[in-house]
file query-v5.pdb (PDB, C-alpha atoms)
MODEL        1
ATOM      1  CA  MET A   1      92.584  99.348  75.734
ATOM      2  CA  LYS A   2      88.836  99.256  75.589
ATOM      3  CA  GLY A   3      86.708  96.194  75.352
ATOM      4  CA  ASN A   4      85.871  93.464  77.780
ATOM      5  CA  ILE A   5      86.597  94.631  81.325
ATOM      6  CA  GLU A   6      87.305  91.111  82.574
ATOM      7  CA  GLU A   7      89.890  90.556  79.847
ATOM      8  CA  ARG A   8      91.566  93.866  80.672
ATOM      9  CA  ALA A   9      91.663  93.044  84.373
ATOM     10  CA  LEU A  10      93.172  89.641  83.671
ATOM     11  CA  GLU A  11      95.791  91.090  81.300
ATOM     12  CA  LEU A  12      96.717  93.735  83.885
ATOM     13  CA  ALA A  13      97.036  91.097  86.580
ATOM     14  CA  LEU A  14      99.231  88.833  84.484
ATOM     15  CA  TYR A  15     101.445  91.762  83.476
ATOM     16  CA  MET A  16     101.914  92.829  87.084
ATOM     17  CA  ILE A  17     102.665  89.290  88.260
ATOM     18  CA  GLU A  18     105.158  88.534  85.476
ATOM     19  CA  ASN A  19     107.001  91.857  85.729
ATOM     20  CA  ARG A  20     106.506  92.612  89.431
ATOM     21  CA  ALA A  21     105.319  95.974  88.100
ATOM     22  CA  THR A  22     103.918  98.917  89.995
ATOM     23  CA  VAL A  23     100.404 100.229  89.432
ATOM     24  CA  ARG A  24     101.915 103.298  87.780
ATOM     25  CA  ALA A  25     103.971 101.166  85.363
ATOM     26  CA  ALA A  26     100.960  98.997  84.487
ATOM     27  CA  ALA A  27      98.768 102.046  83.896
ATOM     28  CA  GLN A  28     101.360 103.567  81.594
ATOM     29  CA  ARG A  29     101.885 100.291  79.714
ATOM     30  CA  PHE A  30      98.154  99.828  79.042
ATOM     31  CA  GLY A  31      97.310 103.504  78.528
ATOM     32  CA  ILE A  32      94.805 103.766  81.371
ATOM     33  CA  SER A  33      94.699 105.631  84.681
ATOM     34  CA  LYS A  34      96.084 104.353  87.972
ATOM     35  CA  SER A  35      92.596 104.448  89.461
ATOM     36  CA  THR A  36      91.325 102.172  86.677
ATOM     37  CA  VAL A  37      94.143  99.713  87.401
ATOM     38  CA  HIS A  38      93.208  99.708  91.087
ATOM     39  CA  LYS A  39      89.506  99.299  90.309
ATOM     40  CA  ASP A  40      90.168  96.396  87.933
ATOM     41  CA  LEU A  41      92.557  94.583  90.271
ATOM     42  CA  LYS A  42      90.941  95.184  93.650
ATOM     43  CA  ASP A  43      87.236  95.195  92.814
ATOM     44  CA  ARG A  44      86.643  93.367  89.545
ATOM     45  CA  LEU A  45      89.308  90.641  89.460
ATOM     46  CA  PRO A  46      88.321  88.858  92.715
ATOM     47  CA  ALA A  47      84.793  88.405  91.386
ATOM     48  CA  PHE A  48      85.854  86.118  88.552
ATOM     49  CA  ASN A  49      89.403  84.879  89.260
ATOM     50  CA  ARG A  50      90.279  84.596  92.937
ATOM     51  CA  GLY A  51      93.568  82.715  92.383
ATOM     52  CA  ILE A  52      95.090  85.396  90.163
ATOM     53  CA  TYR A  53      93.780  88.082  92.509
ATOM     54  CA  LEU A  54      95.685  86.573  95.432
ATOM     55  CA  GLN A  55      98.909  86.600  93.399
ATOM     56  CA  VAL A  56      98.380  90.236  92.363
ATOM     57  CA  LYS A  57      97.590  91.154  95.938
ATOM     58  CA  GLU A  58     101.063  89.944  96.960
ATOM     59  CA  VAL A  59     102.683  92.164  94.326
ATOM     60  CA  LEU A  60     100.597  95.158  95.426
ATOM     61  CA  GLU A  61     101.512  94.612  99.080
ATOM     62  CA  GLU A  62     105.207  94.266  98.201
ATOM     63  CA  ASN A  63     105.088  97.518  96.226
ATOM     64  CA  LYS A  64     103.301  99.276  99.064
ATOM     65  CA  ALA A  65     105.957  98.137 101.535
ATOM     66  CA  GLN A  66     108.742  99.423  99.265
ATOM     67  CA  ARG A  67     107.261 102.743  98.186
ATOM     68  CA  HIS A  68     108.932 104.805 100.897
ATOM     69  CA  ILE A  69     112.297 103.446  99.748
ATOM     70  CA  ARG A  70     111.565 104.288  96.108
ATOM     71  CA  GLY A  71     110.482 107.780  97.117
ATOM     72  CA  GLY A  72     113.720 108.347  99.011
ATOM     73  CA  MET A  73     115.770 107.155  96.064
ATOM     74  CA  ALA A  74     113.864 109.468  93.699
ATOM     75  CA  THR A  75     114.478 112.416  96.011
ATOM     76  CA  ARG A  76     118.175 111.579  96.184
ATOM     77  CA  ARG A  77     118.402 111.461  92.383
ATOM     78  CA  LYS A  78     116.546 114.755  92.118
ATOM     79  CA  TYR A  79     118.917 116.642  94.371
ATOM     80  CA  ARG A  80     122.056 115.014  93.014
ATOM     81  CA  GLY A  81     121.044 116.062  89.528
ATOM     82  CA  GLU A  82     120.877 112.568  88.057
TER      83      GLU A  82
ENDMDL
END
call {"tool": "encode", "arguments": {"input": "query-v5.pdb", "output": "structure tokens"}}
result
Amino acid sequence: MKGNIEERALELALYMIENRATVRAAAQRFGISKSTVHKDLKDRLPAFNRGIYLQVKEVLEENKAQRHIRGGMATRRKYRGE
């Protein structure tokens, strides 16, 4: 997914908003690293599209608030052998 950085950041943002996706899921979907997703969404996106950035920020904050729950569920599955 090379090319215009602004286009990539916008596509990432729209994907995350539409699917309520995690950074990890977005990185895997677009074939880039999690740090690139963070850089695009937190640093680059606000510079050229503030409205979309605010929507993505809500998704990121929601995911951050839920990550301890997801981690607990993953641990449970691991030790139950699922």
call {"tool": "atom_distance", "arguments": {"input": "query-v5.pdb", "atom1": "atom CA of Arg29 of chain A", "atom2": "atom CA of Tyr79 of chain A"}}
result
27.8 Å
call {"tool": "atom_distance", "arguments": {"input": "query-v5.pdb", "atom1": "atom CA of Gln55 of chain A", "atom2": "atom CA of Arg20 of chain A"}}
result
10.5 Å
call {"tool": "residues_around", "arguments": {"input": "query-v5.pdb", "residues": "Leu12 of chain A", "least_positions_apart": "4", "cutoff": "9 Å", "atoms": "all atoms listed in the file", "output": "PyMOL selection string"}}
result
chain A and resi 7-8+16-17+26-27+30+37+40-41
call {"tool": "atom_distance", "arguments": {"input": "query-v5.pdb", "atom1": "atom CA of Arg67 of chain A", "atom2": "atom CA of Glu6 of chain A"}}
result
27.9 Å
call {"tool": "residues_around", "arguments": {"input": "query-v5.pdb", "residues": "Lys42 of chain A", "least_positions_apart": "2", "cutoff": "12 Å", "atoms": "only C-alpha atoms", "output": "compact mmCIF listing (two decimals) with C-alpha atoms, keeping the file's coordinate frame"}}
result
# COMPACT_ATOMS: atom_id res chain seq x y z
CA ALA A 9 91.66 93.04 84.37
CA LEU A 10 93.17 89.64 83.67
CA LEU A 12 96.72 93.74 83.88
CA ALA A 13 97.04 91.10 86.58
CA VAL A 23 100.40 100.23 89.43
CA LYS A 34 96.08 104.35 87.97
CA SER A 35 92.60 104.45 89.46
CA THR A 36 91.32 102.17 86.68
CA VAL A 37 94.14 99.71 87.40
CA HIS A 38 93.21 99.71 91.09
CA LYS A 39 89.51 99.30 90.31
CA ASP A 40 90.17 96.40 87.93
CA ARG A 44 86.64 93.37 89.54
CA LEU A 45 89.31 90.64 89.46
CA PRO A 46 88.32 88.86 92.72
CA ALA A 47 84.79 88.40 91.39
CA PHE A 48 85.85 86.12 88.55
CA ASN A 49 89.40 84.88 89.26
CA ARG A 50 90.28 84.60 92.94
CA ILE A 52 95.09 85.40 90.16
CA TYR A 53 93.78 88.08 92.51
CA LEU A 54 95.68 86.57 95.43
CA GLN A 55 98.91 86.60 93.40
CA VAL A 56 98.38 90.24 92.36
CA LYS A 57 97.59 91.15 95.94
CA GLU A 58 101.06 89.94 96.96
CA LEU A 60 100.60 95.16 95.43
CA GLU A 61 101.51 94.61 99.08
call {"tool": "closest_residue", "arguments": {"input": "query-v5.pdb", "among": "A:Ile5, A:Met73, A:Tyr15, A:Ala21", "to": "Val59 of chain A", "atoms": "only C-alpha atoms"}}
result
A:Ala21
